[in-house]
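Worksheet: the structure to be examined is printed underneath.
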Amino acid sequence: VSCASSPAADARPGDGRPAALAPYAQLLPAPASARAAGPGYAVGPGTVIRTGPGGGEEVRRVGELLAEQLRASSGLPLPVVDGAAGDGIRLRLDEGAGGTGAEGYRLEAGPGGVTLSARTPAGLFHAGQTLSQLLPVTGPGTVPGGEITDAPRFAYRGAMLDIARHHFTAEQVKRYVDQLARYKVNTLHLHLTDDQGWRIAIDSWPRLAEYGGGSEVGGGPGGYWTKDQYRDLVAYAGERYVDVVPEIDMPGHVNAAQASYPELNCDGKARERYTGTKVGFSSLCVASERTYEFVDDVLGELAELTPGRYLHIGGDEAHSTPAADYAAFMDRAQRVVARHGKTVVAWHQLATARPAPGAVLQYWGHDKTAASEKAAVAAAAKAGHPLVLSPADRLYLDMKYDAATGPGLAWAGFVPVRRAYDWDPGTHLAAAGVPESAVLGVEAPLWTETIANRADLELMAFPRVLGLAELGWSRGPRDWAEYGRRVAAHGPRLDAQHIAYYRAPDVPWT
Ligand code: TNX
């Protein structure tokens with residue numbers, strides 16, 4: 001790794017403000033290697049984006065999206081043309097883009113243009129995001145001469161949004177996807193159901209959404225997504241190389257379903273809808289065959305809507321399900337997922353039951369999590385279960401930053417920007433016996449008991465989710481002071497997108 005943290009471009013010694021970072025030293029996430037050298041390429045009124053020949057439709061689409069993004073910031077026309085030869089911004093699929101893997105890329109900038117090359121369209125998309133960070137926040141500008149070779153540390157770089165505790169629209173979620181994709185996050189986990197609301201239409205059980213969707217924390221109207229709205233969001237995310245992982249939380253967190261259908265309760269009586277914030281009080285009726293018809297119908301319809309490989313089946317905080325029932329239920333639910341051709345993801349409590357071969361566990365423990373619980377997770381990891389790390393005291397975006405944060409919870413402690421960033425996913429559970437090779441990646445969940453609108457979502461997510469992006473993509477070395485300066489350098493980019501981020505006191509904003 002030879003990141004030329006080029007010296008400050010326009011440092012003005014003695015004016016008391018931190019020196020501005022040169023463009024290659026501002027990139028977030030930091031690339032595997034970057035070298036500034038020689039004259040750059042001026043992006044101007046004559047600049048074209050070249051996507052061929054031979055790139056195919058998908059590369060053309062990546063070029064169109066990049067053009068749209070750069071038009072918005074630069075005000076330039078930036079037409080997209082076929083034909084690889086000539087000056088401009090060139091997108092090239094290149095089997096030989098050495099060592100960059102499924103998502104990596106190369107970027108070379110000189111006076112004749114900028115060449116982005118990658119083995120896959122996803123790599124080209126990520127290269128485009130890097131390019132946009134090398135240009136000014138607004139207006140035309142020059143891409144400084146140099147080259148980058150880049151590839152991610154982890155395959156899974158995720159953010160989760162809980163649209164069950166409070167309903168968020170697909171349009172609001174698209175905006176979050178846009179922001180995440182700029183920082184090379186490639187997975188959006190949607191927590192679609194919980195005690196307080198059921199947010200996705202299921203044709204074979206229509207009351208789930210129609211009745212069970214009509215509530216949320218605090219007594220608001222709730223809401224749900226039609227299948228078309230959901231499909232549209234999945235396609236939108238997919239074009240930005242963000243995979244959607246849908247979650248139906250079971251066998252607990254099911255009050256909204258049990259309010260919609262009496263037959264989902266062992267006593268055959270429908271529950272009241274719930275608008276509080278307690279957890280662990282509901283459980284599907286494990287002994288009833290009707291329960292498994294429900295599971296099969298719901299997961300079948302969801303699998304049909306899901307191009308990605310994963311279905312998340314929850315499995316957390318099933319405090320009202322006896323341990324033996326929990327294990328029996330999870331056995332059957334996992335078989336249903338496999339029957340529909342998908343791979344299970346579940347919260348790490350599944351480690352205390354019988355995770356099916358290939359099942360991915362999402363670890364959400366924290367510094368005070370019992371050693372026995374960590375040991376169960378480590379045993380599953382050693383048995384071959386990939387882990388997604390979401391330590392609550394590092395990556396829970398619903399934890400308050402500090403005592404001054406309005407929304408949010410604090411059961412895992414405060415999580416300032418530094419704490420969210422300054423840890424290593426590769427060694428986080430090493431003491432419990434988890435090797436780095438078991439870590440599939442990282443995810444930052446945003447639970448929404450206390451978050452009901454876009455401004456609060458953005459306040460809690462930004463800038464901490466940039467730390468998630470960097471931990472997932474970059475190998476380090478991590479240096480908090482250096483990282484803090486990069487976050488500060490991105491303040492104007494967040495401003496330009498009107499993101500209501502927290503001006504956290506531990507970041508040296510300018
Ligand atoms: C724990 S983390 C939960 C959620 C809550 C969250 C609040 C997990 C798997 N379950 O039900 O929303 O804490 O921080």
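Each chain of the structure tokens is named A, B, ... in the order shown, its residues numbered from 1; ligands are numbered from 1 in display order.
Per DSSP on the backbone, strand (DSSP E or B) in segment 285-469 of chain A comprises Tyr310, Leu311, His312, Ile313, Gly314, Thr343, Val344, Val345, Ala346, Trp347, Val360, Leu361, Gln362, Tyr363, Leu387, Val388, Leu389, Met399, Leu409, Val439, Leu440, Gly441, Val442, Glu443, Ala444, Pro445 and Leu446 of chain A.
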Worksheet item: Counting only C-alpha atoms and all ligand atoms, which protein, DNA or RNA residues come within 9 Å of ligand 1, given as a PyMOL selection string?
Response: chain A and resi 162+165+194+253+277-280+314-317+346-349+362-365+390+392+396-399+408-412+445-449
Now that the selection is made, can you save its residues with C-alpha atoms as a compact mmCIF listing (two decimals), in the first residue's frame?
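Now in again01.txt:
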# COMPACT_ATOMS: atom_id res chain seq x y z
CA ASP A 162 -35.52 -0.36 10.07
CA ARG A 165 -40.63 0.95 13.83
CA ASP A 194 -41.45 -5.91 13.52
CA HIS A 253 -40.83 -9.32 16.73
CA THR A 277 -40.85 0.28 22.01
CA LYS A 278 -40.57 -2.88 24.14
CA VAL A 279 -38.94 -5.94 22.57
CA GLY A 280 -39.18 -9.68 23.18
CA GLY A 314 -34.14 -12.25 12.04
CA GLY A 315 -34.02 -14.62 14.98
CA ASP A 316 -33.07 -11.97 17.57
CA GLU A 317 -34.53 -11.35 21.00
CA ALA A 346 -29.83 -14.25 10.77
CA TRP A 347 -28.87 -12.29 13.87
CA HIS A 348 -26.16 -14.07 15.83
CA GLN A 349 -28.62 -15.67 18.28
CA GLN A 362 -24.87 -11.05 11.91
CA TYR A 363 -23.04 -10.24 15.14
CA TRP A 364 -24.51 -7.35 17.10
CA GLY A 365 -22.77 -7.82 20.44
CA SER A 390 -22.41 -4.97 13.47
CA ALA A 392 -23.71 -2.26 18.70
CA TYR A 396 -25.33 0.99 15.66
CA LEU A 397 -26.31 4.24 14.02
CA ASP A 398 -29.24 4.57 16.44
CA MET A 399 -26.89 5.01 19.40
CA GLY A 408 -31.35 7.84 19.49
CA LEU A 409 -30.82 5.31 22.27
CA ALA A 410 -27.82 4.70 24.51
CA TRP A 411 -28.11 1.11 25.75
CA ALA A 412 -24.75 0.25 24.14
CA PRO A 445 -27.85 -0.85 11.37
CA LEU A 446 -30.17 2.09 11.92
CA TRP A 447 -33.07 1.12 14.18
CA THR A 448 -35.84 3.66 14.15
CA GLU A 449 -37.71 3.56 17.46
Fill in: Residue contacts of Ala430 of chain A (12 Å, only C-alpha atoms) excluding same-chain residues fewer than 4 positions away, as number ranges by chain
A: 374-375, 377-378, 381-382, 424-426, 434-439
Just write the chosen residues, C-alpha atoms, as a PDB file, in the first residue's frame.
ATOM      1  CA  LYS A 374     -19.165 -14.610  21.870  1.00  0.00           C
ATOM      2  CA  ALA A 375     -17.877 -18.176  22.160  1.00  0.00           C
ATOM      3  CA  VAL A 377     -20.486 -17.052  17.619  1.00  0.00           C
ATOM      4  CA  ALA A 378     -16.819 -18.058  17.364  1.00  0.00           C
ATOM      5  CA  ALA A 381     -17.454 -19.072  12.592  1.00  0.00           C
ATOM      6  CA  LYS A 382     -14.999 -21.939  12.990  1.00  0.00           C
ATOM      7  CA  ASP A 424     -10.547  -3.374  13.308  1.00  0.00           C
ATOM      8  CA  PRO A 425     -13.191  -5.784  11.975  1.00  0.00           C
ATOM      9  CA  GLY A 426     -10.452  -8.299  11.197  1.00  0.00           C
ATOM     10  CA  VAL A 434     -12.772 -15.629  15.235  1.00  0.00           C
ATOM     11  CA  PRO A 435     -10.171 -15.393  12.451  1.00  0.00           C
ATOM     12  CA  GLU A 436     -10.329 -12.561   9.920  1.00  0.00           C
ATOM     13  CA  SER A 437     -11.074 -15.115   7.200  1.00  0.00           C
ATOM     14  CA  ALA A 438     -14.500 -15.703   8.810  1.00  0.00           C
ATOM     15  CA  VAL A 439     -15.458 -12.042   8.478  1.00  0.00           C
TER      16      VAL A 439
END
Worksheet entry | Selected residue of minimal separation from Gly433 of chain A among A:Lys400, A:Ala371, A:Pro407, A:Leu107, counting only C-alpha atoms | A:Ala371
Fill in: Closest of A:Tyr502, A:Tyr176, A:Trp205, A:Tyr241 to Leu299 of chain A - atom-to-atom distances counting only C-alpha atoms
A:Trp205
Discussion item. Using only C-alpha atoms, which protein or nucleic acid residues come within 10 Å of Gly63 of chain A? Drop anything in the same chain fewer than 6 positions from it, and give the result as a PyMOL selection string.
Written reply: chain A and resi 49-52+57+69+79-81+89-91+121+124-125+128
Item to complete: Compile the contact shell of Gly123 of chain A as a VMD selection string: residues with an atom at most 9 Å away, counting only C-alpha atoms, same-chain residues fewer than 6 positions apart removed.
Response: chain A and resid 93 100 to 106 116 to 117 151
Would you mind exporting the chosen residues as a compact mmCIF listing (two decimals), in the first residue's frame, restricted to C-alpha atoms?
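Result written to result.txt:
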# COMPACT_ATOMS: atom_id res chain seq x y z
CA LEU A 93 -14.16 -3.40 -19.09
CA THR A 100 -8.75 -5.72 -8.69
CA GLY A 101 -11.21 -8.58 -8.19
CA ALA A 102 -14.97 -8.41 -8.58
CA GLU A 103 -15.35 -4.81 -7.44
CA GLY A 104 -11.92 -3.17 -7.81
CA TYR A 105 -10.71 -0.85 -10.53
CA ARG A 106 -7.87 1.21 -11.91
CA LEU A 116 -11.35 3.87 -15.64
CA SER A 117 -10.82 0.14 -16.05
CA ALA A 151 -10.09 -3.12 -4.40
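Going from atom CA of Gly46 of chain A over to atom CA of His490 of chain A, you cover 27.7 Å.
With only C-alpha atoms as the atoms that count, the residue of A:Glu108, A:Glu216, A:Glu210, A:Asp506 with the shortest distance to Tyr261 of chain A is A:Glu210.
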Practice prompt. Please provide the set of residues having any atom within 9 Å of Ala380 of chain A, restricted to only C-alpha atoms, with same-chain residues fewer than 3 positions apart removed, written as number ranges by chain.
Written response: A: 351-352, 355, 361, 375-377, 383-387
Writer output for current selection, N, CA and C atoms, as an mmCIF file, in the first residue's frame:
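Below is the file that was written, part-v4.cif:
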data_model
loop_
_atom_site.group_PDB
_atom_site.id
_atom_site.type_symbol
_atom_site.label_atom_id
_atom_site.label_comp_id
_atom_site.auth_asym_id
_atom_site.auth_seq_id
_atom_site.Cartn_x
_atom_site.Cartn_y
_atom_site.Cartn_z
ATOM 1 N N ALA A 351 -26.659 -18.717 16.378
ATOM 2 C CA ALA A 351 -25.509 -19.541 16.767
ATOM 3 C C ALA A 351 -25.816 -20.416 17.977
ATOM 4 N N THR A 352 -26.789 -19.992 18.796
ATOM 5 C CA THR A 352 -27.141 -20.779 19.981
ATOM 6 C C THR A 352 -28.123 -21.895 19.626
ATOM 7 N N PRO A 355 -27.448 -23.354 13.194
ATOM 8 C CA PRO A 355 -27.345 -22.687 11.887
ATOM 9 C C PRO A 355 -27.143 -23.701 10.774
ATOM 10 N N LEU A 361 -24.140 -15.272 9.850
ATOM 11 C CA LEU A 361 -24.582 -14.726 11.136
ATOM 12 C C LEU A 361 -24.190 -13.264 11.252
ATOM 13 N N ALA A 375 -18.453 -16.854 22.448
ATOM 14 C CA ALA A 375 -17.877 -18.176 22.160
ATOM 15 C C ALA A 375 -18.781 -18.962 21.199
ATOM 16 N N ALA A 376 -20.096 -18.816 21.377
ATOM 17 C CA ALA A 376 -21.021 -19.512 20.467
ATOM 18 C C ALA A 376 -20.863 -18.969 19.042
ATOM 19 N N VAL A 377 -20.684 -17.664 18.936
ATOM 20 C CA VAL A 377 -20.486 -17.052 17.619
ATOM 21 C C VAL A 377 -19.168 -17.546 17.014
ATOM 22 N N ALA A 383 -16.944 -23.255 12.375
ATOM 23 C CA ALA A 383 -17.640 -24.299 11.615
ATOM 24 C C ALA A 383 -17.962 -23.837 10.192
ATOM 25 N N GLY A 384 -17.517 -22.643 9.826
ATOM 26 C CA GLY A 384 -17.659 -22.213 8.439
ATOM 27 C C GLY A 384 -18.728 -21.169 8.179
ATOM 28 N N HIS A 385 -19.377 -20.666 9.230
ATOM 29 C CA HIS A 385 -20.403 -19.639 9.006
ATOM 30 C C HIS A 385 -19.775 -18.265 8.876
ATOM 31 N N PRO A 386 -19.969 -17.617 7.725
ATOM 32 C CA PRO A 386 -19.436 -16.256 7.579
ATOM 33 C C PRO A 386 -20.131 -15.309 8.555
ATOM 34 N N LEU A 387 -19.395 -14.308 9.010
ATOM 35 C CA LEU A 387 -19.953 -13.325 9.943
ATOM 36 C C LEU A 387 -20.012 -11.946 9.302
#
